[in-house]
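Source file target-v1.txt; content: compact mmCIF, C-alpha atoms.
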# COMPACT_ATOMS: atom_id res chain seq x y z
CA MET A 1 13.77 12.90 11.95
CA SER A 2 14.29 16.52 11.04
CA GLU A 3 14.73 17.79 7.53
CA GLU A 4 18.49 18.28 8.11
CA GLN A 5 19.03 14.72 9.24
CA ILE A 6 17.74 13.15 6.08
CA THR A 7 20.77 11.70 4.38
CA ARG A 8 20.69 12.51 0.73
CA PRO A 9 23.20 11.21 -1.74
CA ASN A 10 25.58 13.90 -2.91
CA VAL A 11 24.96 15.28 -6.34
CA PRO A 12 28.13 14.62 -8.36
CA LEU A 13 30.18 17.75 -8.93
CA GLY A 14 29.91 19.47 -12.26
CA THR A 15 26.59 17.88 -13.14
CA GLY A 16 23.66 20.17 -13.61
CA VAL A 17 20.38 19.23 -11.96
CA GLU A 18 18.61 19.47 -15.31
CA ASN A 19 20.96 16.92 -16.76
CA LEU A 20 20.39 14.62 -13.79
CA GLU A 21 16.64 14.99 -14.18
CA ALA A 22 16.83 14.09 -17.84
CA GLN A 23 18.88 10.97 -17.03
CA PHE A 24 16.42 10.11 -14.29
CA GLU A 25 13.40 10.37 -16.61
CA GLU A 26 15.23 8.20 -19.15
CA ARG A 27 15.84 5.51 -16.56
CA ILE A 28 12.13 5.37 -15.77
CA ALA A 29 11.23 5.36 -19.46
CA ARG A 30 13.51 2.29 -19.83
CA ASP A 31 11.50 0.63 -17.03
CA GLU A 32 14.41 0.78 -14.60
CA LYS A 33 13.40 0.88 -10.95
CA ILE A 34 14.35 3.72 -8.65
CA GLU A 35 15.66 2.68 -5.23
CA PRO A 36 15.66 4.86 -2.09
CA LYS A 37 19.33 5.90 -2.14
CA ASP A 38 19.32 6.79 -5.84
CA TRP A 39 19.34 10.44 -6.79
CA MET A 40 15.80 11.64 -7.52
CA PRO A 41 14.16 14.97 -8.24
CA GLU A 42 12.69 16.53 -5.11
CA LYS A 43 9.28 16.52 -6.75
CA TYR A 44 9.49 12.77 -7.28
CA ARG A 45 10.29 12.30 -3.61
CA GLN A 46 7.47 14.56 -2.45
CA THR A 47 4.89 13.10 -4.83
CA HIS A 48 5.75 9.59 -3.65
CA ILE A 49 5.63 10.54 0.01
CA ARG A 50 2.21 12.09 -0.63
CA GLN A 51 0.75 9.19 -2.57
CA MET A 52 2.27 6.35 -0.53
CA SER A 53 1.33 7.93 2.79
CA GLN A 54 -2.23 8.61 1.58
CA HIS A 55 -2.38 4.98 0.59
CA ALA A 56 -1.07 3.82 3.99
CA HIS A 57 -3.45 6.15 5.84
CA SER A 58 -6.37 4.76 3.82
CA GLU A 59 -5.50 1.22 4.89
CA ILE A 60 -5.31 2.28 8.54
CA VAL A 61 -8.49 4.40 8.57
CA GLY A 62 -10.16 1.73 6.42
CA MET A 63 -10.06 -0.65 9.38
CA LEU A 64 -12.49 1.54 11.34
CA PRO A 65 -15.73 1.10 9.34
CA GLU A 66 -15.28 -2.68 9.32
CA GLY A 67 -14.00 -2.96 12.87
CA ASN A 68 -17.45 -1.68 13.73
CA TRP A 69 -18.97 -5.04 12.72
CA ILE A 70 -16.46 -7.65 13.93
CA THR A 71 -18.24 -8.27 17.22
CA ARG A 72 -21.62 -8.48 15.48
CA ALA A 73 -20.72 -10.74 12.55
CA PRO A 74 -23.60 -13.21 12.02
CA SER A 75 -21.49 -16.38 12.28
CA LEU A 76 -18.04 -17.52 13.35
CA ARG A 77 -17.11 -18.08 9.69
CA ARG A 78 -17.97 -14.48 8.82
CA LYS A 79 -16.25 -13.24 11.94
CA VAL A 80 -12.88 -14.91 11.34
CA ALA A 81 -12.96 -13.77 7.70
CA LEU A 82 -13.71 -10.15 8.61
CA LEU A 83 -11.10 -10.20 11.35
CA ALA A 84 -8.49 -11.55 8.92
CA LYS A 85 -9.41 -8.86 6.39
CA VAL A 86 -9.02 -6.09 8.95
CA GLN A 87 -5.68 -7.57 10.06
CA ASP A 88 -4.56 -7.54 6.43
CA GLU A 89 -5.44 -3.87 6.21
CA ALA A 90 -3.25 -3.16 9.24
CA GLY A 91 -0.49 -5.14 7.52
CA HIS A 92 -0.94 -3.26 4.26
CA GLY A 93 -0.75 0.05 6.10
CA LEU A 94 2.50 -1.10 7.74
CA TYR A 95 4.09 -2.27 4.44
CA LEU A 96 3.27 1.09 2.91
CA TYR A 97 4.46 3.19 5.85
CA SER A 98 7.80 1.33 5.80
CA ALA A 99 8.14 1.84 2.07
CA CYS A 100 7.36 5.53 2.53
CA GLU A 101 9.94 5.90 5.30
CA THR A 102 12.70 4.88 2.87
CA LEU A 103 12.21 8.35 1.35
CA GLY A 104 13.49 9.99 4.53
CA ILE A 105 10.30 10.82 6.39
CA SER A 106 9.71 9.33 9.85
CA ARG A 107 6.72 7.29 10.96
CA ASP A 108 5.94 9.97 13.55
CA GLU A 109 5.82 12.69 10.90
CA LEU A 110 3.50 10.55 8.80
CA TYR A 111 1.13 9.98 11.72
CA GLU A 112 1.29 13.66 12.60
CA GLN A 113 0.25 14.56 9.03
CA LEU A 114 -2.72 12.19 9.24
CA HIS A 115 -3.82 13.31 12.70
CA SER A 116 -3.53 17.03 11.94
CA GLY A 117 -5.56 16.62 8.74
CA LYS A 118 -2.63 17.68 6.55
CA ALA A 119 -2.56 14.31 4.80
CA LYS A 120 -5.66 12.82 3.21
CA TYR A 121 -7.00 9.29 3.13
CA SER A 122 -9.58 7.74 0.85
CA SER A 123 -12.86 9.60 1.30
CA ILE A 124 -14.94 6.46 1.06
CA PHE A 125 -14.11 5.63 4.67
CA ASN A 126 -16.02 8.71 5.76
CA TYR A 127 -19.31 6.96 5.10
CA PRO A 128 -21.00 5.01 7.93
CA THR A 129 -21.45 1.23 8.06
CA VAL A 130 -25.02 0.91 9.28
CA THR A 131 -25.90 -2.72 8.50
CA TRP A 132 -24.13 -6.06 8.11
CA ALA A 133 -24.70 -5.82 4.35
CA ASP A 134 -22.26 -2.90 4.34
CA MET A 135 -19.50 -5.44 5.05
CA GLY A 136 -20.53 -7.19 1.85
CA ALA A 137 -20.74 -3.99 -0.18
CA ILE A 138 -17.37 -2.73 1.05
CA GLY A 139 -15.57 -5.95 0.19
CA TRP A 140 -17.26 -6.27 -3.17
CA LEU A 141 -17.24 -2.64 -4.32
CA VAL A 142 -14.66 -0.73 -2.30
CA ASP A 143 -12.03 -3.47 -2.41
CA GLY A 144 -13.00 -4.13 -6.02
CA ALA A 145 -12.30 -0.51 -6.93
CA ALA A 146 -9.12 -0.56 -4.83
CA ILE A 147 -7.80 -3.61 -6.70
CA ILE A 148 -8.39 -1.88 -10.03
CA ASN A 149 -6.39 1.07 -8.73
CA GLN A 150 -3.64 -1.02 -7.20
CA VAL A 151 -2.78 -3.70 -9.74
CA PRO A 152 -0.99 -1.27 -12.10
CA LEU A 153 1.07 -0.03 -9.12
CA CYS A 154 2.84 -3.40 -8.90
CA ASN A 155 4.90 -2.09 -11.85
CA THR A 156 5.42 1.45 -10.62
CA SER A 157 8.89 3.00 -10.84
CA PHE A 158 9.75 3.30 -7.14
CA GLY A 159 11.05 -0.11 -6.02
CA PRO A 160 9.83 -0.19 -2.40
CA TYR A 161 6.32 0.91 -3.46
CA ALA A 162 6.13 -1.68 -6.24
CA ARG A 163 7.29 -4.47 -3.91
CA ALA A 164 4.78 -3.48 -1.22
CA MET A 165 2.00 -3.42 -3.82
CA VAL A 166 2.83 -6.91 -5.08
CA ARG A 167 2.25 -8.20 -1.57
CA VAL A 168 -0.90 -6.09 -1.10
CA CYS A 169 -2.45 -7.26 -4.37
CA LYS A 170 -1.78 -10.93 -3.61
CA GLU A 171 -3.65 -10.60 -0.33
CA GLU A 172 -6.44 -8.34 -1.51
CA SER A 173 -8.37 -10.70 -3.76
CA PHE A 174 -9.76 -12.65 -0.79
CA HIS A 175 -11.16 -9.37 0.51
CA GLN A 176 -13.32 -8.83 -2.53
CA ARG A 177 -14.50 -12.44 -2.65
CA GLN A 178 -15.53 -12.50 1.00
CA GLY A 179 -17.56 -9.32 0.40
CA TYR A 180 -19.27 -10.63 -2.71
CA GLU A 181 -20.07 -13.88 -0.91
CA ILE A 182 -21.83 -11.91 1.84
CA MET A 183 -23.89 -10.15 -0.87
CA ILE A 184 -24.77 -13.44 -2.58
CA LYS A 185 -25.98 -14.91 0.68
CA LEU A 186 -28.12 -11.88 1.51
CA ALA A 187 -29.47 -11.54 -2.04
CA ASN A 188 -30.64 -15.16 -1.89
CA GLY A 189 -32.04 -14.82 1.61
CA THR A 190 -35.34 -13.54 3.00
CA PRO A 191 -36.94 -10.45 1.37
CA GLU A 192 -35.62 -8.38 4.28
CA GLN A 193 -32.10 -9.67 3.72
CA LYS A 194 -32.30 -8.96 0.02
CA ASP A 195 -33.55 -5.42 0.77
CA MET A 196 -30.62 -4.98 3.09
CA ALA A 197 -28.19 -5.99 0.34
CA GLN A 198 -29.88 -3.67 -2.17
CA ASP A 199 -29.82 -0.81 0.32
CA ALA A 200 -26.08 -1.29 0.88
CA LEU A 201 -25.46 -1.33 -2.88
CA ASN A 202 -27.52 1.85 -3.22
CA ARG A 203 -25.41 3.64 -0.64
CA TRP A 204 -21.95 2.38 -1.69
CA TRP A 205 -22.25 2.45 -5.48
CA TRP A 206 -21.66 6.14 -6.11
CA PRO A 207 -18.95 6.62 -3.47
CA SER A 208 -17.15 3.61 -5.04
CA LEU A 209 -17.20 5.29 -8.45
CA MET A 210 -15.89 8.50 -6.87
CA MET A 211 -13.14 6.52 -5.18
CA LEU A 212 -11.39 6.12 -8.53
CA GLY A 213 -10.64 9.85 -8.43
CA PRO A 214 -11.75 13.06 -10.14
CA THR A 215 -12.48 13.02 -13.88
CA ASP A 216 -9.48 13.25 -16.18
CA ALA A 217 -10.29 16.88 -16.95
CA GLU A 218 -10.08 17.75 -13.23
CA SER A 219 -7.20 15.52 -12.22
CA VAL A 220 -4.16 17.73 -11.64
CA HIS A 221 -1.50 15.07 -11.13
CA THR A 222 -2.33 12.66 -13.96
CA GLU A 223 0.28 13.66 -16.54
CA GLN A 224 3.25 13.60 -14.17
CA SER A 225 2.01 10.40 -12.52
CA MET A 226 1.75 8.66 -15.88
CA LYS A 227 5.36 9.58 -16.63
CA TRP A 228 6.56 8.14 -13.33
CA LYS A 229 4.35 5.07 -13.74
CA LEU A 230 2.43 5.94 -10.59
CA LYS A 231 -0.50 5.65 -12.94
CA ARG A 232 -0.92 3.50 -16.02
CA LYS A 233 -4.51 4.34 -16.85
CA SER A 234 -6.48 7.52 -16.29
CA ASN A 235 -9.16 7.79 -13.59
CA ASP A 236 -11.96 7.67 -16.16
CA GLU A 237 -10.54 4.54 -17.80
CA LEU A 238 -10.28 2.82 -14.42
CA ARG A 239 -13.83 3.87 -13.56
CA GLN A 240 -15.14 2.43 -16.82
CA GLN A 241 -13.29 -0.81 -16.12
CA PHE A 242 -14.87 -0.96 -12.67
CA VAL A 243 -18.39 -0.38 -14.00
CA ASP A 244 -17.98 -2.94 -16.79
CA GLN A 245 -16.74 -5.62 -14.43
CA THR A 246 -19.23 -4.93 -11.61
CA VAL A 247 -22.56 -4.57 -13.42
CA PRO A 248 -22.70 -8.24 -14.53
CA GLN A 249 -21.83 -9.31 -10.96
CA ALA A 250 -24.84 -7.34 -9.65
CA ASP A 251 -27.09 -8.83 -12.38
CA LEU A 252 -25.97 -12.31 -11.45
CA ILE A 253 -27.24 -12.02 -7.89
CA GLY A 254 -30.37 -10.07 -8.79
CA LEU A 255 -29.36 -6.69 -7.38
CA THR A 256 -29.95 -3.43 -9.22
CA ILE A 257 -27.26 -0.80 -9.76
CA PRO A 258 -28.83 2.48 -8.53
CA ASP A 259 -28.33 4.36 -11.82
CA PRO A 260 -31.30 4.95 -14.15
CA ASP A 261 -28.91 6.01 -16.93
CA LEU A 262 -26.89 2.81 -16.86
CA LYS A 263 -27.08 1.21 -20.29
CA TRP A 264 -25.00 -1.20 -22.37
CA ASN A 265 -23.41 0.62 -25.27
CA GLU A 266 -23.01 -1.89 -28.09
CA GLU A 267 -20.76 0.38 -30.11
CA ARG A 268 -18.25 1.03 -27.32
CA GLY A 269 -18.58 -2.45 -25.86
CA SER A 270 -18.97 -0.80 -22.45
CA TYR A 271 -21.65 0.49 -20.13
CA ASP A 272 -22.72 4.14 -20.29
CA PHE A 273 -23.46 5.44 -16.81
CA GLY A 274 -25.02 8.49 -15.20
CA ALA A 275 -23.38 11.69 -13.97
CA ILE A 276 -21.47 11.56 -10.70
CA ASP A 277 -22.28 14.11 -8.00
CA TRP A 278 -18.82 15.63 -7.69
CA ASP A 279 -20.05 18.25 -5.22
CA GLU A 280 -20.63 15.45 -2.77
CA PHE A 281 -17.14 14.09 -3.45
CA TRP A 282 -15.42 17.43 -2.78
CA GLN A 283 -17.56 18.04 0.32
CA VAL A 284 -16.37 14.74 1.79
CA VAL A 285 -12.75 15.39 0.77
CA LYS A 286 -12.92 18.76 2.52
CA GLY A 287 -14.01 17.10 5.74
CA HIS A 288 -17.79 17.40 5.59
CA GLY A 289 -18.63 13.74 5.07
CA PRO A 290 -20.89 11.93 7.54
CA MET A 291 -18.02 10.32 9.46
CA ASN A 292 -14.87 12.46 8.95
CA LYS A 293 -14.79 13.70 12.53
CA GLU A 294 -15.55 10.31 14.09
CA ARG A 295 -12.88 8.54 12.04
CA MET A 296 -10.17 11.02 12.98
CA LYS A 297 -11.23 11.04 16.60
CA ALA A 298 -11.07 7.24 16.80
CA ARG A 299 -7.64 7.26 15.16
CA VAL A 300 -6.18 10.02 17.36
CA ASP A 301 -7.66 8.50 20.52
CA ALA A 302 -6.09 5.13 19.68
CA TRP A 303 -2.70 6.75 19.09
CA GLU A 304 -2.78 8.91 22.22
CA GLY A 305 -4.31 6.19 24.37
CA GLY A 306 -1.55 3.83 23.26
CA ALA A 307 1.30 6.20 24.13
CA TRP A 308 1.86 4.69 27.58
CA VAL A 309 2.13 1.22 26.02
CA ARG A 310 4.78 2.41 23.57
CA ASP A 311 6.68 4.09 26.41
CA ALA A 312 6.42 1.01 28.61
CA ALA A 313 7.78 -1.19 25.81
CA MET A 314 10.80 1.10 25.43
CA ALA A 315 11.39 1.15 29.19
CA HIS A 316 11.16 -2.65 29.28
CA ALA A 317 13.60 -2.96 26.37
CA ALA A 318 16.08 -0.60 28.07
CA LYS A 319 15.85 -2.50 31.34
CA ASN A 320 16.41 -5.82 29.61
CA ALA A 321 19.41 -4.50 27.71
CA GLU A 322 20.88 -3.18 30.97
CA ARG A 323 20.36 -6.50 32.72
CA LYS A 324 22.03 -8.40 29.89
CA GLU A 325 24.97 -6.03 30.03
CA LYS A 326 25.38 -6.59 33.77
CA GLU A 327 25.23 -10.36 33.37
CA ALA A 328 27.91 -10.20 30.73
CA VAL A 329 30.35 -8.36 33.03
CA MET B 1 3.19 11.51 24.73
CA SER B 2 6.01 9.19 23.79
CA THR B 3 9.43 10.67 24.25
CA LYS B 4 11.38 7.92 22.51
CA ASN B 5 10.28 6.27 19.28
CA TRP B 6 10.55 2.58 18.61
CA PRO B 7 13.61 1.93 16.42
CA LEU B 8 13.38 0.62 12.86
CA TRP B 9 14.22 -3.03 12.04
CA GLU B 10 14.81 -4.76 8.73
CA VAL B 11 13.08 -8.10 8.28
CA PHE B 12 14.52 -11.08 6.39
CA VAL B 13 12.45 -14.23 5.83
CA ARG B 14 13.42 -17.71 4.67
CA SER B 15 10.36 -19.02 2.85
CA LYS B 16 11.48 -22.65 2.98
CA ASN B 17 14.56 -24.69 3.72
CA GLY B 18 16.99 -24.63 0.84
CA LEU B 19 16.27 -20.98 0.07
CA GLU B 20 18.12 -17.98 1.45
CA HIS B 21 16.62 -15.38 3.76
CA ARG B 22 15.27 -12.56 1.64
CA HIS B 23 14.58 -8.95 2.59
CA PHE B 24 10.83 -8.57 3.14
CA GLY B 25 10.55 -5.05 4.49
CA SER B 26 10.90 -3.19 7.75
CA LEU B 27 8.98 -2.37 10.89
CA HIS B 28 9.25 -0.58 14.21
CA ALA B 29 9.69 -2.42 17.52
CA ALA B 30 11.05 -1.67 20.98
CA ASP B 31 13.52 -4.57 20.99
CA ALA B 32 14.65 -7.62 19.01
CA GLU B 33 12.11 -9.96 20.58
CA MET B 34 9.20 -7.66 19.74
CA ALA B 35 10.63 -7.13 16.25
CA LEU B 36 10.50 -10.90 15.67
CA GLU B 37 6.91 -11.15 16.88
CA ASN B 38 5.81 -8.14 14.85
CA ALA B 39 7.61 -9.50 11.79
CA ARG B 40 5.65 -12.73 12.14
CA ASP B 41 2.35 -10.82 12.29
CA VAL B 42 3.16 -8.32 9.55
CA TYR B 43 5.08 -10.41 7.02
CA THR B 44 4.06 -14.06 7.51
CA ARG B 45 0.27 -14.12 7.94
CA ARG B 46 -0.05 -16.77 5.22
CA ASN B 47 2.80 -19.21 5.89
CA GLU B 48 5.30 -17.16 3.89
CA GLY B 49 8.18 -18.21 6.10
CA ILE B 50 9.82 -20.78 8.35
CA SER B 51 12.60 -18.58 9.68
CA ILE B 52 12.90 -14.84 10.37
CA TRP B 53 15.92 -12.62 10.93
CA VAL B 54 15.57 -9.07 12.24
CA VAL B 55 18.39 -6.53 12.20
CA GLU B 56 18.17 -3.04 13.58
CA SER B 57 18.34 -0.84 10.49
CA LYS B 58 21.06 1.42 11.91
CA ASN B 59 23.42 -1.57 11.93
CA ILE B 60 23.32 -1.95 8.16
CA THR B 61 26.06 -0.25 6.18
CA ALA B 62 25.02 0.36 2.61
CA SER B 63 27.04 1.31 -0.43
CA ASN B 64 26.20 4.63 -2.06
CA PRO B 65 24.77 4.33 -5.58
CA GLU B 66 26.51 7.61 -6.46
CA HIS B 67 29.79 5.72 -6.14
CA ASN B 68 28.70 2.75 -8.22
CA GLY B 69 31.35 3.67 -10.79
CA GLU B 70 34.43 3.12 -8.68
CA MET B 71 32.65 0.43 -6.66
CA PHE B 72 31.66 -1.91 -9.45
CA GLU B 73 33.64 -0.75 -12.48
CA PRO B 74 36.66 -3.01 -11.74
CA ALA B 75 34.59 -6.09 -12.59
CA GLN B 76 33.36 -4.72 -15.90
CA ASP B 77 36.44 -5.35 -18.07
CA LYS B 78 37.18 -8.83 -16.76
CA VAL B 79 35.38 -10.82 -19.41
CA TYR B 80 37.85 -13.69 -18.85
CA ARG B 81 35.94 -14.48 -15.66
CA HIS B 82 33.10 -15.80 -17.78
CA PRO B 83 33.11 -19.20 -19.53
CA THR B 84 32.03 -17.70 -22.86
CA PHE B 85 35.43 -15.93 -23.09
CA TYR B 86 37.14 -19.23 -23.90
CA GLU B 87 37.02 -20.74 -27.37
CA LEU B 88 36.36 -24.41 -27.76
CA PRO B 89 36.31 -26.66 -30.83
CA ASP B 90 32.75 -27.42 -31.97
CA GLU B 91 33.33 -31.12 -31.31
CA VAL B 92 33.36 -30.47 -27.57
CA LYS B 93 29.69 -30.56 -26.71
CA TYR B 94 29.65 -30.33 -22.94
CA MET B 95 32.14 -28.28 -20.97

Please rewrite the model in this file as structure tokens.
Amino acid sequence: MSEEQITRPNVPLGTGVENLEAQFEERIARDEKIEPKDWMPEKYRQTHIRQMSQHAHSEIVGMLPEGNWITRAPSLRRKVALLAKVQDEAGHGLYLYSACETLGISRDELYEQLHSGKAKYSSIFNYPTVTWADMGAIGWLVDGAAIINQVPLCNTSFGPYARAMVRVCKEESFHQRQGYEIMIKLANGTPEQKDMAQDALNRWWWPSLMMLGPTDAESVHTEQSMKWKLKRKSNDELRQQFVDQTVPQADLIGLTIPDPDLKWNEERGSYDFGAIDWDEFWQVVKGHGPMNKERMKARVDAWEGGAWVRDAAMAHAAKNAERKEKEAV
Amino acid sequence: MSTKNWPLWEVFVRSKNGLEHRHFGSLHAADAEMALENARDVYTRRNEGISIWVVESKNITASNPEHNGEMFEPAQDKVYRHPTFYELPDEVKYM
């Protein structure tokens, strides 16, 4: 769909855009939902397309690190669970793409933005999954951090996004549990298995903390996003919540958080934790993570390799429609 | 590369008998049959439904929220369509 084809509601005559914007902000402040055909400031539309598509892309790319282990899952129970989780991620990507398309951008444009590198996805998926324990760590930590990010979005101002997130959140909690269960099993296993679990925690801990976004001081979109209820808590608050909830879970299964500065702060009623290596974060965001190239290559290959299937399906549909028409005559 | 994109479909699911079909979301599919199968995989992975409708999105005509005034205003001053408009003696408990 080209820019010209996007049908936008007409702005009523004699109403200044500033006035409309003020009314719009008031509606959101009153907790009214915004639906796709409602008038909205262009910046609201663009911000939502950016955030929702990034979210959808993360679900889609997020299948790759785990897909890596489906065929090598250690038992049928683990295999069906991992398969179901990866299928959910495909589903979540599709809910979010559909919700994003209601803003007048086509699926093809969204894919094009991902494949060309114009759109981002969560940087955490640019780390490799080298052992089975990584499946545990991803479910426990990465999905754990994702849930903390996503739950407030169930109340966000844009209706289609909020509805998609309600469904995503309902389905996501099994993801975290299946990951933690993998970690429990390994942590209670042979010394080698426990080492494997600890090693996975060591590698995934810091990227999981980074996943909750730049510090408040560095976060450029926070203020606007708070106003539009795309955010309810700041990145640093969410990160603190994640640390506070996860540390006791690690203690419980005898694993050690790889942070020498981690310490309970009685006064704050929270854990203090060490400095995050933001250089690493920005390096990965800019495309220099260990797996950026592989992830994008796998994604683009799948899309291009599937083109003939999509074309064949359309040809089949056209032929069927023609046949039905002939029969009707 | 694909020359023609799969059209968009709207998905409606009845979660159990006795309830109406409700809009669940949308998806892309080459034809109605594929739309039904995709809808099953995307929107009912956990027994959320017992019946699915799919409608190609272009076939839906929607009202424009900019015209909500003239569209819905006529109903606003007709309070006599509501039971609370009518006064009853206190003695009448159920009506």

Per-axis box centre and lengths in Å around range 295-309 of chain A, 8 Å margin per side, axis-aligned, as lines of an AutoDock Vina configuration file:
center_x = -5.4
center_y = 6.1
center_z = 19.8
size_x = 31.0
size_y = 25.8
size_z = 31.5

**Request:** Just the residues within 8 Å of Ser98 in chain A, please, counting all atoms listed in the file, with nothing from its chain fewer than 5 positions along; format it as a ChimeraX atom specification.
**Result:** /A:107 /B:25-27

re CA of Ala315 in chain A and CA of Thr102 in chain A: distance 26.6 Å

Distance cut-off 10 Å, centre (11.8, -3.3, 17.5) in file coordinates, counting all atoms listed in the file: which residues qualify? Return them as a ChimeraX atom specification.
/A:313-314,317 /B:5-10,26-39,54-57

Restrict the calculation to only C-alpha atoms, then for each residue of chain B with any atom at most 9 Å from an atom of range 37-49 of chain A give the closest atom pair and their distance in Å to one decimal, rows by chain and rising residue number, as CSV.
residue,atom,partner,partner_atom,distance
B:Asn64,CA,A:Lys37,CA,7.0
B:Pro65,CA,A:Asp38,CA,6.0
B:Glu66,CA,A:Asp38,CA,7.3
